[in-house]
Every structure is written in structure tokens, then in C-alpha cells.
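The structure file coords-v3.cif is reproduced below (mmCIF, C-alpha atoms).
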data_data
#
loop_
_atom_site.label_atom_id
_atom_site.label_comp_id
_atom_site.auth_asym_id
_atom_site.auth_seq_id
_atom_site.Cartn_x
_atom_site.Cartn_y
_atom_site.Cartn_z
CA PRO A 1 3.93 -9.09 29.83
CA THR A 2 4.70 -7.28 26.67
CA PRO A 3 5.11 -3.49 27.20
CA ASN A 4 2.85 -1.23 25.33
CA VAL A 5 5.18 0.48 22.90
CA LEU A 6 3.91 3.33 20.81
CA LYS A 7 5.13 3.01 17.32
CA LEU A 8 6.11 5.94 15.19
CA GLY A 9 3.34 7.29 13.03
CA SER A 10 0.70 5.63 15.14
CA SER A 11 -1.60 7.01 17.75
CA PRO A 12 -1.54 5.70 21.29
CA SER A 13 -4.25 3.27 21.87
CA ASN A 14 -3.92 3.77 25.66
CA PRO A 15 -3.07 7.29 26.96
CA MET A 16 -2.47 6.03 30.47
CA ALA A 17 0.22 3.73 29.25
CA VAL A 18 2.07 6.63 27.65
CA GLU A 19 1.89 8.65 30.82
CA THR A 20 3.23 5.74 32.80
CA THR A 21 6.14 5.33 30.47
CA SER A 22 7.04 9.04 30.77
CA CYS A 23 7.02 9.00 34.54
CA THR A 24 9.25 5.98 34.60
CA SER A 25 11.76 7.73 32.33
CA VAL A 26 11.87 10.89 34.52
CA THR A 27 12.38 8.81 37.59
CA SER A 28 15.25 7.00 35.97
CA ASP A 29 16.95 10.32 34.99
CA ALA A 30 16.58 11.63 38.50
CA GLN A 31 18.23 8.54 39.88
CA LYS A 32 21.15 8.99 37.52
CA VAL A 33 21.57 12.61 38.64
CA LEU A 34 21.46 11.56 42.25
CA GLU A 35 24.09 8.94 41.53
CA VAL A 36 26.55 11.45 40.01
CA LEU A 37 25.70 14.36 42.38
CA PRO A 38 28.19 13.39 45.12
CA ASP A 39 31.01 13.36 42.56
CA PHE A 40 29.90 16.76 41.34
CA LYS A 41 29.76 18.17 44.83
CA TYR A 42 33.25 16.79 45.57
CA SER A 43 34.66 18.30 42.41
CA GLU A 44 33.08 21.63 43.30
CA ALA A 45 34.47 21.45 46.81
CA LEU A 46 37.90 20.56 45.44
CA ALA A 47 37.80 23.56 43.12
CA GLU A 48 36.80 25.79 45.98
CA GLU A 49 39.67 24.45 48.09
CA GLU A 50 42.13 25.18 45.32
CA VAL A 51 40.82 28.73 45.10
CA PHE A 52 41.04 29.12 48.84
CA GLN A 53 44.55 27.68 48.79
CA GLY A 54 45.58 30.19 46.11
CA ILE A 55 44.08 33.01 48.11
CA ARG A 56 45.90 31.80 51.23
CA CYS A 57 49.19 31.71 49.31
CA GLN A 58 48.62 35.21 48.03
CA LEU A 59 47.72 36.43 51.50
CA THR A 60 50.81 34.71 52.92
CA GLY A 61 52.97 36.37 50.25
CA LEU A 62 51.40 39.72 50.92
CA SER A 63 51.91 39.24 54.64
CA THR A 64 55.60 38.41 54.08
CA GLN A 65 56.04 41.43 51.81
CA THR A 66 54.26 43.63 54.34
CA THR A 67 56.52 42.37 57.13
CA GLU A 68 59.63 42.96 55.06
CA ALA A 69 58.42 46.41 53.98
CA LYS A 70 57.61 47.24 57.59
CA ALA A 71 61.08 46.14 58.69
CA THR A 72 62.68 48.20 55.91
CA ILE A 73 60.63 51.26 56.86
CA GLN A 74 61.52 50.82 60.53
CA THR A 75 65.22 50.51 59.62
CA GLU A 76 65.04 53.62 57.47
CA MET A 77 63.12 55.49 60.17
CA GLU A 78 65.72 54.49 62.76
CA ALA A 79 68.52 55.66 60.47
CA ALA A 80 66.68 58.92 59.84
CA ARG A 81 66.10 59.33 63.58
CA GLN A 82 69.80 58.83 64.24
CA GLN A 83 70.67 61.35 61.53
CA VAL A 84 68.30 63.86 63.08
CA GLN A 85 69.81 63.25 66.51
CA GLN A 86 73.31 63.65 65.11
CA ALA A 87 72.28 66.83 63.30
CA GLU A 88 70.69 68.21 66.46
CA ALA A 89 73.82 67.35 68.46
CA ALA A 90 76.01 69.00 65.83
CA LEU A 91 73.77 72.06 65.80
CA GLU A 92 73.86 72.29 69.57
CA GLN A 93 77.64 71.99 69.49
CA VAL A 94 77.83 74.77 66.92
CA LYS A 95 75.50 76.90 69.05
CA GLU A 96 77.66 76.25 72.09
CA THR A 97 80.75 77.15 70.09
CA GLU A 98 79.02 80.32 68.97
CA ARG A 99 78.07 81.17 72.54
CA GLN A 100 81.63 80.62 73.68
CA GLY A 101 82.89 82.66 70.73
CA ALA A 102 80.53 85.50 71.55
CA SER A 103 81.68 85.41 75.17
CA GLN A 104 85.32 85.42 74.10
CA LEU A 105 84.64 88.21 71.65
CA GLU A 106 83.06 90.31 74.37
CA ALA A 107 86.06 89.65 76.63
CA LYS A 108 88.48 90.62 73.84
CA VAL A 109 86.49 93.77 73.17
CA ASN A 110 86.74 94.73 76.83
CA ILE A 111 90.48 94.05 76.82
CA LEU A 112 90.89 96.07 73.64
CA ILE A 113 88.88 98.97 75.04
CA GLU A 114 90.86 98.90 78.28
CA ALA A 115 94.17 98.85 76.37
CA GLN A 116 93.06 101.75 74.20
CA ILE A 117 91.94 103.70 77.27
CA GLN A 118 95.31 103.11 78.92
CA LEU A 119 97.11 104.15 75.74
CA GLN A 120 95.06 107.30 75.41
CA ALA A 121 95.58 108.13 79.10
CA ALA A 122 99.36 107.73 78.76
CA GLU A 123 99.44 109.90 75.64
CA ASP A 124 97.30 112.56 77.30
CA GLU A 125 99.53 112.55 80.37
CA LYS A 126 102.64 112.95 78.22
CA LYS A 127 101.04 115.88 76.39
CA LYS A 128 100.08 117.41 79.73
CA VAL A 129 103.62 117.16 81.10
CA GLU A 130 105.10 118.56 77.91
CA LYS A 131 102.60 121.42 77.90
CA GLU A 132 103.22 122.30 81.54
CA ASN A 133 106.98 122.29 81.00
CA HIS A 134 106.96 123.60 77.44
CA ASP A 135 108.74 126.88 78.19
CA ASP A 136 111.39 125.19 80.30
CA ILE A 137 111.94 122.51 77.66
CA VAL A 138 112.29 125.13 74.93
CA LYS A 139 114.65 127.19 77.09
CA GLY A 140 116.82 124.17 77.79
CA GLU A 141 116.99 123.31 74.09
CA GLU A 142 117.95 126.89 73.29
CA LEU A 143 120.73 126.87 75.88
CA ARG A 144 122.12 123.58 74.59
CA GLU A 145 121.98 124.92 71.05
CA ALA A 146 123.80 128.10 72.19
CA ARG A 147 126.51 126.03 73.86
CA SER A 148 126.96 123.88 70.78
CA LYS A 149 127.18 126.95 68.56
CA ASN A 150 129.71 128.68 70.83
CA ILE A 151 131.95 125.63 70.79
CA ALA A 152 131.61 125.28 67.02
CA ILE A 153 132.52 128.95 66.43
CA ASN A 154 135.52 128.68 68.73
CA GLU A 155 136.76 125.52 67.06
CA ASP A 156 136.08 126.59 63.47
CA ALA A 157 135.83 130.27 62.44
CA PHE A 158 137.61 131.89 65.41
CA CYS A 159 140.35 129.26 65.53
CA CYS A 160 140.99 129.63 61.79
CA LEU A 161 141.17 133.45 62.05
CA LEU A 162 143.18 133.42 65.31
CA ASN A 163 145.82 131.08 63.91
CA GLY A 164 145.76 132.56 60.38
CA SER A 165 145.16 129.09 58.90
CA TRP A 166 142.87 130.16 56.08
CA THR A 167 143.89 128.92 52.64
CA SER A 168 142.42 131.74 50.56
CA ALA A 169 141.20 135.30 50.84
CA GLU A 170 137.69 134.07 50.12
CA GLU A 171 137.80 131.58 52.99
CA ARG A 172 139.14 134.29 55.32
CA LYS A 173 136.32 136.61 54.31
CA GLU A 174 133.67 133.94 54.96
CA LYS A 175 135.16 132.98 58.33
CA LEU A 176 135.31 136.62 59.47
CA ALA A 177 131.72 137.29 58.39
CA THR A 178 130.50 134.20 60.29
CA PHE A 179 132.47 135.14 63.38
CA LYS A 180 131.29 138.78 63.51
CA GLU A 181 127.69 137.67 62.98
CA TYR A 182 127.99 135.38 66.00
CA LEU A 183 129.49 138.17 68.13
CA GLN A 184 126.53 140.36 67.31
CA GLU A 185 124.17 137.50 68.10
CA ILE A 186 125.53 137.04 71.64
CA GLY A 187 125.39 140.80 72.34
CA THR A 188 129.06 141.65 72.12
CA GLU A 189 129.89 145.38 72.22
CA LYS A 190 130.06 146.97 68.82
CA THR A 191 133.67 148.14 69.40
CA LEU A 192 134.77 144.55 69.91
CA VAL A 193 132.80 143.44 66.88
CA LYS A 194 134.57 146.09 64.86
CA ALA A 195 137.92 145.16 66.41
CA ALA A 196 137.45 141.61 65.10
CA ASP A 197 138.57 142.95 61.73
CA GLY A 198 142.12 142.73 63.11
CA LEU A 199 141.83 138.95 62.70
CA ILE A 200 142.22 139.27 58.92
CA THR A 201 145.96 139.76 59.39
CA LYS A 202 148.38 136.98 60.06
CA PRO A 203 149.29 136.51 63.75
CA GLU A 204 152.90 137.56 63.19
CA VAL A 205 151.97 141.02 61.80
CA ARG A 206 149.26 141.94 64.29
CA GLY A 207 149.80 145.00 66.43
CA ASP A 208 149.23 145.42 70.14
CA PHE A 209 145.74 146.83 69.64
CA ASP A 210 144.72 143.84 67.54
CA LYS A 211 146.16 141.46 70.12
CA MET A 212 144.36 143.24 72.96
CA ALA A 213 141.08 143.22 71.04
CA ILE A 214 141.49 139.53 70.31
CA ASP A 215 142.06 138.85 74.03
CA TYR A 216 138.84 140.65 74.89
CA ILE A 217 136.98 138.74 72.20
CA THR A 218 138.38 135.48 73.55
CA GLU A 219 137.21 136.39 77.05
CA GLU A 220 133.79 137.30 75.65
CA LEU A 221 133.43 133.91 74.02
CA SER A 222 134.58 132.12 77.16
CA ALA A 223 132.25 134.17 79.35
CA LYS A 224 129.33 133.42 77.10
CA LEU A 225 130.07 129.70 77.16
CA LYS A 226 130.42 129.75 80.96
CA GLN A 227 127.13 131.60 81.30
CA VAL A 228 125.30 129.06 79.18
CA GLU A 229 126.82 126.14 81.04
CA GLU A 230 125.91 127.64 84.41
CA GLN A 231 122.31 128.09 83.29
CA LEU A 232 122.21 124.54 82.03
CA ALA A 233 123.68 123.25 85.28
CA GLU A 234 121.12 125.22 87.25
CA ARG A 235 118.28 123.83 85.22
CA ALA A 236 119.68 120.29 85.06
CA PRO A 237 117.80 118.77 88.07
CA ALA A 238 114.39 120.02 86.92
CA GLU A 239 115.15 119.02 83.34
CA ARG A 240 116.22 115.54 84.43
CA GLU A 241 113.01 115.15 86.37
CA VAL A 242 110.86 116.27 83.47
CA ARG A 243 112.87 114.21 81.02
CA ALA A 244 112.56 111.13 83.23
CA GLU A 245 108.81 111.64 83.49
CA VAL A 246 108.48 112.10 79.73
CA LEU A 247 110.68 109.06 79.02
CA GLY A 248 108.64 107.01 81.48
CA LEU A 249 105.44 108.05 79.79
CA GLU A 250 106.91 107.28 76.37
CA ALA A 251 107.84 103.80 77.59
CA LEU A 252 104.35 103.38 79.02
CA ILE A 253 102.87 104.52 75.71
CA ASP A 254 104.93 101.92 73.86
CA ILE A 255 103.74 99.18 76.23
CA CYS A 256 100.11 100.31 75.97
CA ARG A 257 100.38 100.50 72.19
CA GLN A 258 101.75 96.95 72.05
CA LYS A 259 98.92 95.75 74.31
CA ALA A 260 96.35 97.54 72.18
CA THR A 261 97.81 96.06 69.00
CA ALA A 262 97.85 92.54 70.49
CA ALA A 263 94.31 92.97 71.83
CA GLU A 264 93.09 94.16 68.45
CA GLU A 265 94.71 91.18 66.72
CA GLN A 266 93.14 88.74 69.20
CA TYR A 267 89.79 90.46 68.75
CA LYS A 268 90.01 90.02 64.98
CA GLN A 269 90.89 86.33 65.33
CA VAL A 270 87.91 85.66 67.62
CA GLU A 271 85.66 87.68 65.31
CA VAL A 272 86.72 85.58 62.31
CA ALA A 273 86.16 82.36 64.28
CA LEU A 274 82.71 83.55 65.36
CA LYS A 275 81.74 84.37 61.77
CA GLY A 276 82.86 80.86 60.79
CA SER A 277 80.65 79.36 63.51
CA LYS A 278 77.65 81.32 62.26
CA THR A 279 78.28 80.17 58.71
CA GLU A 280 78.57 76.55 59.90
CA MET A 281 75.32 76.86 61.86
CA LYS A 282 73.50 78.08 58.73
CA THR A 283 74.61 74.95 56.89
CA CYS A 284 73.37 72.62 59.63
#

Could you render the structure from this file as C-alpha cells?
Amino acid sequence: PTPNVLKLGSSPSNPMAVETTSCTSVTSDAQKVLEVLPDFKYSEALAEEEVFQGIRCQLTGLSTQTTEAKATIQTEMEAARQQVQQAEAALEQVKETERQGASQLEAKVNILIEAQIQLQAAEDEKKKVEKENHDDIVKGEELREARSKNIAINEDAFCCLLNGSWTSAEERKEKLATFKEYLQEIGTEKTLVKAADGLITKPEVRGDFDKMAIDYITEELSAKLKQVEEQLAERAPAEREVRAEVLGLEALIDICRQKATAAEEQYKQVEVALKGSKTEMKTC
């Protein structure tokens, strides 16, 4: 049968026919959509898979980077931990060195103090001995000085005057003045001191009185020297004992002073080393 087709510009003669035609057209479009829908769903699924694949790749990359970063951090942390351990060990070593240095310093201080005490004790003992024997020491020195002076006068002024060996009147005058002064000093009688003027003449022109006076003067000098020597001999044992004690104390003082000096030097060395340890510890 011939379909009822509605021409342009005309009115439908049968409304039901138009409605039928429209329904048929809609049904046909729906069938076409249903035919292409599986392809559309596949394409959509494929696009989603590509997105998911991209996300998985990104996540995989991020996971790899995270693992590498974690490994790097762990390596750095391990290195830092080792550095801390080394620093702590070094610090502990410095502390131990400082403790040892402080102990050594204390020991050196004690040694130094002991040496100084010994030195002071030896010096005090020497002063005590010298003080207790001061008068005897002075007396002995005076006697030895008197003996030396007696011998010098005999060998110089008196010998020159006795032998007439002066070379000028001025020299003779000086020798006589020195000799008479010594005679007065040793307590010679004034008459003998005055008689010494006979020595200004040459030996060959001296009279008997001058010769006799000179003999007395000679005996006076000899007696004085003998007296001094006897006193020295009498005092010799005690003087030797005191002198030995003083010399022993002087030797002890020298030893103590050397010990004190060495102890002080060692103390300074340990002190410098300890200061270095403290400085090193501050830098740790």
C-alpha cells in the first residue's frame, strides 16, 4: 500500500497517520542509538583505563621517588648518627684527658708544695744554726782576720822597716805609721810603740837600745800571733762541727731548691696541657 505522505503546504487529511509516522521515526532513532551504544561504552571504558594507567604510572613514579628519598634520608641519618657518636666519643676522650690532667695537676701541686716546704725548712734550720752560733762564728772570723793581719804586717811593714829596704823617705814614713798603728791595735805597751821609731834608721846605724826595742817588738808580734793561733786551735772542733752543719744545710737547700724548681716547671707544663684540653673540649 502507498504510505500516506504529508506534502508540504498541505494539511494532514488523517492525523492518526501522522502520529504513526512520528512513532516509527523515534523507534528507528532509538534502535540506531542502541546499535552504537556498545561502541560508545567501550570507548569510554578505554579512556578510563588510560586515565587509570596514567595515574598508576604516576603513583609508581612517586613510590619510586619516595623509596629513593627514604633511602637517602636513612643514609644521611646514619651518617649523622655516626658523626654524633664520633663527636661524643671524642668529647668523652677529651673529658677523660681533662680528668687525668686535673689529677696530674693536683699531684704536681702536692709535689711542689712539699718541695717548697722542705726548702723552707732547710733554710729555717740554717738560719737557726747560724743564729745560735752567731757569736762564735763572728769570733772565729775575727781571730782569722787578726792572724791574717799579723802575718801581713810582719811580712810587709815590719819586714821593710827591720831590713831598711824602703826606697824613699815617704815610703818609710808610711810603713812606720802603719806598723805603729797595728801595735796600738793589739795593745802593745806605749813605750814599745814609741820605741818603734828606732826602725826609721838603717840596721847598720842602730844602737843597742833600738836593737833591744826591736827584739821586744818582734816578740810581741810573735806572741800575738801565737795567741790567736791557740784560740783558733781551741775553737777549731766546734767551728768544724758548726761549719759542717751549715755546709750540710746549704747542700740540702740547693737540692730542695732544685726539686722545687723542677716541680714548679712540671706543674706549669701540666697546667698548660690542662688549659689546652679545656679549650679543645669547648670546640667539641

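Nearest residue to Glu220 of chain A among A:Asn154, A:Thr279, A:Gln118, A:Gln83 is A:Asn154, counting all atoms listed in the file.
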
For the provided coordinates, the residues matched by the PyMOL selection byres ((chain A and resi 108) around 10) should be stated as a short mmCIF file (atom, residue, chain, number, x, y, z; two decimals) with C-alpha atoms, in the coordinates of the input.
data_model
loop_
_atom_site.label_atom_id
_atom_site.label_comp_id
_atom_site.auth_asym_id
_atom_site.auth_seq_id
_atom_site.Cartn_x
_atom_site.Cartn_y
_atom_site.Cartn_z
CA ALA A 102 80.53 85.50 71.55
CA SER A 103 81.68 85.41 75.17
CA GLN A 104 85.32 85.42 74.10
CA LEU A 105 84.64 88.21 71.65
CA GLU A 106 83.06 90.31 74.37
CA ALA A 107 86.06 89.65 76.63
CA VAL A 109 86.49 93.77 73.17
CA ASN A 110 86.74 94.73 76.83
CA ILE A 111 90.48 94.05 76.82
CA LEU A 112 90.89 96.07 73.64
CA ILE A 113 88.88 98.97 75.04
CA GLU A 114 90.86 98.90 78.28
CA ALA A 263 94.31 92.97 71.83
CA GLU A 264 93.09 94.16 68.45
CA GLU A 265 94.71 91.18 66.72
CA GLN A 266 93.14 88.74 69.20
CA TYR A 267 89.79 90.46 68.75
CA LYS A 268 90.01 90.02 64.98
CA GLN A 269 90.89 86.33 65.33
CA VAL A 270 87.91 85.66 67.62
CA GLU A 271 85.66 87.68 65.31
#

- Task: Let me know the residues the PyMOL selection byres ((chain A and resi 162-171) around 9) catches in the file above, as a VMD selection string.
- Result: chain A and resid 157 to 161 172 to 176 199 to 203 214

Go ahead and save the residues from that selection, with C-alpha atoms, as a compact mmCIF listing (two decimals), in the frame of the given file.
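Output (again.txt):
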# COMPACT_ATOMS: atom_id res chain seq x y z
CA ALA A 157 135.83 130.27 62.44
CA PHE A 158 137.61 131.89 65.41
CA CYS A 159 140.35 129.26 65.53
CA CYS A 160 140.99 129.63 61.79
CA LEU A 161 141.17 133.45 62.05
CA ARG A 172 139.14 134.29 55.32
CA LYS A 173 136.32 136.61 54.31
CA GLU A 174 133.67 133.94 54.96
CA LYS A 175 135.16 132.98 58.33
CA LEU A 176 135.31 136.62 59.47
CA LEU A 199 141.83 138.95 62.70
CA ILE A 200 142.22 139.27 58.92
CA THR A 201 145.96 139.76 59.39
CA LYS A 202 148.38 136.98 60.06
CA PRO A 203 149.29 136.51 63.75
CA ILE A 214 141.49 139.53 70.31

- Task: Write out as JSON, numbers by chain which residues come within 12 Å of Glu189 of chain A when counting all atoms listed in the file, dropping same-chain ones fewer than 5 positions away.
- Result: {"A": [180, 182, 183, 184, 194, 195, 196, 213, 216, 217, 220]}

- Query: Rounded to one decimal in Å, what is the spacing between atom CA of Glu123 of chain A and atom CA of Leu232 of chain A?
  - Reply: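 Interatomic distance here is 27.8 Å.
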
- Message: I want to know what sits within 8 Å of segment 149-151 of chain A, based on all atoms listed in the file, with residues of the same chain fewer than 4 positions away left out; could you give that as a list in words?
- Response: Glu145, Glu155, Leu221, Lys224 and Leu225 of chain A

I'd like the residues picked by the PyMOL selection byres ((chain A and resi 245) around 12) written out as an mmCIF file with C-alpha atoms, in the frame of the given file, using the chain letters and numbers from the file.
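Once everything was written out, this is out_13.cif:
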data_model
loop_
_atom_site.group_PDB
_atom_site.id
_atom_site.type_symbol
_atom_site.label_atom_id
_atom_site.label_comp_id
_atom_site.auth_asym_id
_atom_site.auth_seq_id
_atom_site.Cartn_x
_atom_site.Cartn_y
_atom_site.Cartn_z
ATOM 1 C CA ALA A 122 99.360 107.730 78.760
ATOM 2 C CA GLU A 125 99.530 112.550 80.370
ATOM 3 C CA LYS A 126 102.640 112.950 78.220
ATOM 4 C CA LYS A 127 101.040 115.880 76.390
ATOM 5 C CA LYS A 128 100.080 117.410 79.730
ATOM 6 C CA VAL A 129 103.620 117.160 81.100
ATOM 7 C CA GLU A 130 105.100 118.560 77.910
ATOM 8 C CA ASN A 133 106.980 122.290 81.000
ATOM 9 C CA ALA A 238 114.390 120.020 86.920
ATOM 10 C CA GLU A 239 115.150 119.020 83.340
ATOM 11 C CA ARG A 240 116.220 115.540 84.430
ATOM 12 C CA GLU A 241 113.010 115.150 86.370
ATOM 13 C CA VAL A 242 110.860 116.270 83.470
ATOM 14 C CA ARG A 243 112.870 114.210 81.020
ATOM 15 C CA ALA A 244 112.560 111.130 83.230
ATOM 16 C CA VAL A 246 108.480 112.100 79.730
ATOM 17 C CA LEU A 247 110.680 109.060 79.020
ATOM 18 C CA GLY A 248 108.640 107.010 81.480
ATOM 19 C CA LEU A 249 105.440 108.050 79.790
ATOM 20 C CA GLU A 250 106.910 107.280 76.370
ATOM 21 C CA ALA A 251 107.840 103.800 77.590
ATOM 22 C CA LEU A 252 104.350 103.380 79.020
#

- Query: Hey, can you check how far atom CA of Glu141 of chain A sits from atom CA of Gln231 of chain A?
  - Reply: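 One can read the atom CA of Glu141 of chain A to atom CA of Gln231 of chain A distance as 11.7 Å.
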
- Quick one, how far is atom CA of Gln74 of chain A from atom CA of Gln93 of chain A?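 Between these atoms lies a distance of 28.1 Å.
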
For segment 247-266 of chain A, I'd like the enclosing box, axis-aligned and padded by 6 Å on every side, reported as lines of an AutoDock Vina configuration file with centre and edge lengths in Å to one decimal.
center_x = 101.9
center_y = 98.9
center_z = 74.1
size_x = 29.6
size_y = 32.3
size_z = 26.8

- Task: Using only C-alpha atoms, find the one residue out of A:Glu132, A:Lys95, A:Thr67, A:Arg206 that sits nearest to Gly276 of chain A.
- Result: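 Comparing A:Glu132, A:Lys95, A:Thr67, A:Arg206 against Gly276 of chain A, the winner is A:Lys95.
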
- Message: Using all atoms listed in the file, which protein or nucleic acid residues come within 9 Å of Val228 of chain A? Drop anything in the same chain fewer than 4 positions from it, and give the result as a list in words.
- Response: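 Counting all atoms listed in the file, the residues come to Leu143, Arg144, Ala146, Arg147, Ala223, Lys224, Leu232 and Ala233 of chain A.
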
Please produce a file of the residues just selected, as a short mmCIF file (atom, residue, chain, number, x, y, z; two decimals), in the frame of the given file, where the atoms kept are C-alpha atoms.
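Output file selection15.cif follows:
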data_model
loop_
_atom_site.label_atom_id
_atom_site.label_comp_id
_atom_site.auth_asym_id
_atom_site.auth_seq_id
_atom_site.Cartn_x
_atom_site.Cartn_y
_atom_site.Cartn_z
CA LEU A 143 120.73 126.87 75.88
CA ARG A 144 122.12 123.58 74.59
CA ALA A 146 123.80 128.10 72.19
CA ARG A 147 126.51 126.03 73.86
CA ALA A 223 132.25 134.17 79.35
CA LYS A 224 129.33 133.42 77.10
CA LEU A 232 122.21 124.54 82.03
CA ALA A 233 123.68 123.25 85.28
#

- Query: Counting only C-alpha atoms, which of A:Ala89, A:Gln116, A:Glu76, A:Gly140 gets nearest to Pro237 of chain A?
  - Reply: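 Of A:Ala89, A:Gln116, A:Glu76, A:Gly140, the one nearest Pro237 of chain A, counting only C-alpha atoms, is A:Gly140.
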
Limit the output to all heavy atoms and give segment 244-253 of chain A as a PDB file, in the first residue's frame.
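Listed below is the output, result_25.pdb:
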ATOM      1  N   ALA A 244     130.338  22.236 109.334  1.00  0.00           N
ATOM      2  CA  ALA A 244     129.838  21.049 108.644  1.00  0.00           C
ATOM      3  C   ALA A 244     128.312  21.050 108.619  1.00  0.00           C
ATOM      4  O   ALA A 244     127.690  20.707 107.596  1.00  0.00           O
ATOM      5  CB  ALA A 244     130.353  19.794 109.344  1.00  0.00           C
ATOM      6  N   GLU A 245     127.711  21.452 109.740  1.00  0.00           N
ATOM      7  CA  GLU A 245     126.248  21.502 109.793  1.00  0.00           C
ATOM      8  C   GLU A 245     125.704  22.534 108.824  1.00  0.00           C
ATOM      9  O   GLU A 245     124.720  22.283 108.094  1.00  0.00           O
ATOM     10  CB  GLU A 245     125.794  21.815 111.213  1.00  0.00           C
ATOM     11  CG  GLU A 245     124.289  21.727 111.409  1.00  0.00           C
ATOM     12  CD  GLU A 245     123.870  21.896 112.849  1.00  0.00           C
ATOM     13  OE1 GLU A 245     124.751  22.154 113.708  1.00  0.00           O
ATOM     14  OE2 GLU A 245     122.660  21.777 113.129  1.00  0.00           O
ATOM     15  N   VAL A 246     126.350  23.703 108.799  1.00  0.00           N
ATOM     16  CA  VAL A 246     125.913  24.768 107.892  1.00  0.00           C
ATOM     17  C   VAL A 246     126.094  24.349 106.442  1.00  0.00           C
ATOM     18  O   VAL A 246     125.209  24.550 105.599  1.00  0.00           O
ATOM     19  CB  VAL A 246     126.673  26.071 108.182  1.00  0.00           C
ATOM     20  CG1 VAL A 246     126.382  27.109 107.102  1.00  0.00           C
ATOM     21  CG2 VAL A 246     126.307  26.610 109.550  1.00  0.00           C
ATOM     22  N   LEU A 247     127.259  23.729 106.139  1.00  0.00           N
ATOM     23  CA  LEU A 247     127.510  23.281 104.762  1.00  0.00           C
ATOM     24  C   LEU A 247     126.511  22.200 104.354  1.00  0.00           C
ATOM     25  O   LEU A 247     126.027  22.177 103.209  1.00  0.00           O
ATOM     26  CB  LEU A 247     128.939  22.750 104.631  1.00  0.00           C
ATOM     27  CG  LEU A 247     130.056  23.795 104.718  1.00  0.00           C
ATOM     28  CD1 LEU A 247     131.426  23.119 104.697  1.00  0.00           C
ATOM     29  CD2 LEU A 247     129.943  24.792 103.568  1.00  0.00           C
ATOM     30  N   GLY A 248     126.193  21.308 105.302  1.00  0.00           N
ATOM     31  CA  GLY A 248     125.199  20.279 105.001  1.00  0.00           C
ATOM     32  C   GLY A 248     123.838  20.878 104.714  1.00  0.00           C
ATOM     33  O   GLY A 248     123.138  20.448 103.787  1.00  0.00           O
ATOM     34  N   LEU A 249     123.482  21.882 105.499  1.00  0.00           N
ATOM     35  CA  LEU A 249     122.192  22.545 105.275  1.00  0.00           C
ATOM     36  C   LEU A 249     122.191  23.319 103.963  1.00  0.00           C
ATOM     37  O   LEU A 249     121.177  23.366 103.260  1.00  0.00           O
ATOM     38  CB  LEU A 249     121.888  23.489 106.448  1.00  0.00           C
ATOM     39  CG  LEU A 249     121.538  22.785 107.767  1.00  0.00           C
ATOM     40  CD1 LEU A 249     121.470  23.785 108.911  1.00  0.00           C
ATOM     41  CD2 LEU A 249     120.209  22.044 107.647  1.00  0.00           C
ATOM     42  N   GLU A 250     123.323  23.918 103.625  1.00  0.00           N
ATOM     43  CA  GLU A 250     123.412  24.631 102.344  1.00  0.00           C
ATOM     44  C   GLU A 250     123.261  23.663 101.173  1.00  0.00           C
ATOM     45  O   GLU A 250     122.588  23.974 100.177  1.00  0.00           O
ATOM     46  CB  GLU A 250     124.739  25.373 102.258  1.00  0.00           C
ATOM     47  CG  GLU A 250     124.822  26.589 103.170  1.00  0.00           C
ATOM     48  CD  GLU A 250     126.164  27.271 103.101  1.00  0.00           C
ATOM     49  OE1 GLU A 250     127.103  26.666 102.520  1.00  0.00           O
ATOM     50  OE2 GLU A 250     126.293  28.404 103.609  1.00  0.00           O
ATOM     51  N   ALA A 251     123.886  22.486 101.307  1.00  0.00           N
ATOM     52  CA  ALA A 251     123.736  21.470 100.256  1.00  0.00           C
ATOM     53  C   ALA A 251     122.286  21.003 100.167  1.00  0.00           C
ATOM     54  O   ALA A 251     121.733  20.829  99.070  1.00  0.00           O
ATOM     55  CB  ALA A 251     124.654  20.281 100.545  1.00  0.00           C
ATOM     56  N   LEU A 252     121.666  20.810 101.345  1.00  0.00           N
ATOM     57  CA  LEU A 252     120.258  20.404 101.364  1.00  0.00           C
ATOM     58  C   LEU A 252     119.368  21.481 100.744  1.00  0.00           C
ATOM     59  O   LEU A 252     118.421  21.177 100.007  1.00  0.00           O
ATOM     60  CB  LEU A 252     119.823  20.129 102.800  1.00  0.00           C
ATOM     61  CG  LEU A 252     118.361  19.704 102.997  1.00  0.00           C
ATOM     62  CD1 LEU A 252     118.077  18.404 102.242  1.00  0.00           C
ATOM     63  CD2 LEU A 252     118.054  19.530 104.480  1.00  0.00           C
ATOM     64  N   ILE A 253     119.696  22.734 101.024  1.00  0.00           N
ATOM     65  CA  ILE A 253     118.932  23.847 100.444  1.00  0.00           C
ATOM     66  C   ILE A 253     119.046  23.835  98.922  1.00  0.00           C
ATOM     67  O   ILE A 253     118.053  24.034  98.202  1.00  0.00           O
ATOM     68  CB  ILE A 253     119.424  25.181 101.021  1.00  0.00           C
ATOM     69  CG1 ILE A 253     118.978  25.311 102.482  1.00  0.00           C
ATOM     70  CG2 ILE A 253     118.894  26.365 100.205  1.00  0.00           C
ATOM     71  CD1 ILE A 253     119.564  26.501 103.198  1.00  0.00           C
TER      72      ILE A 253
END
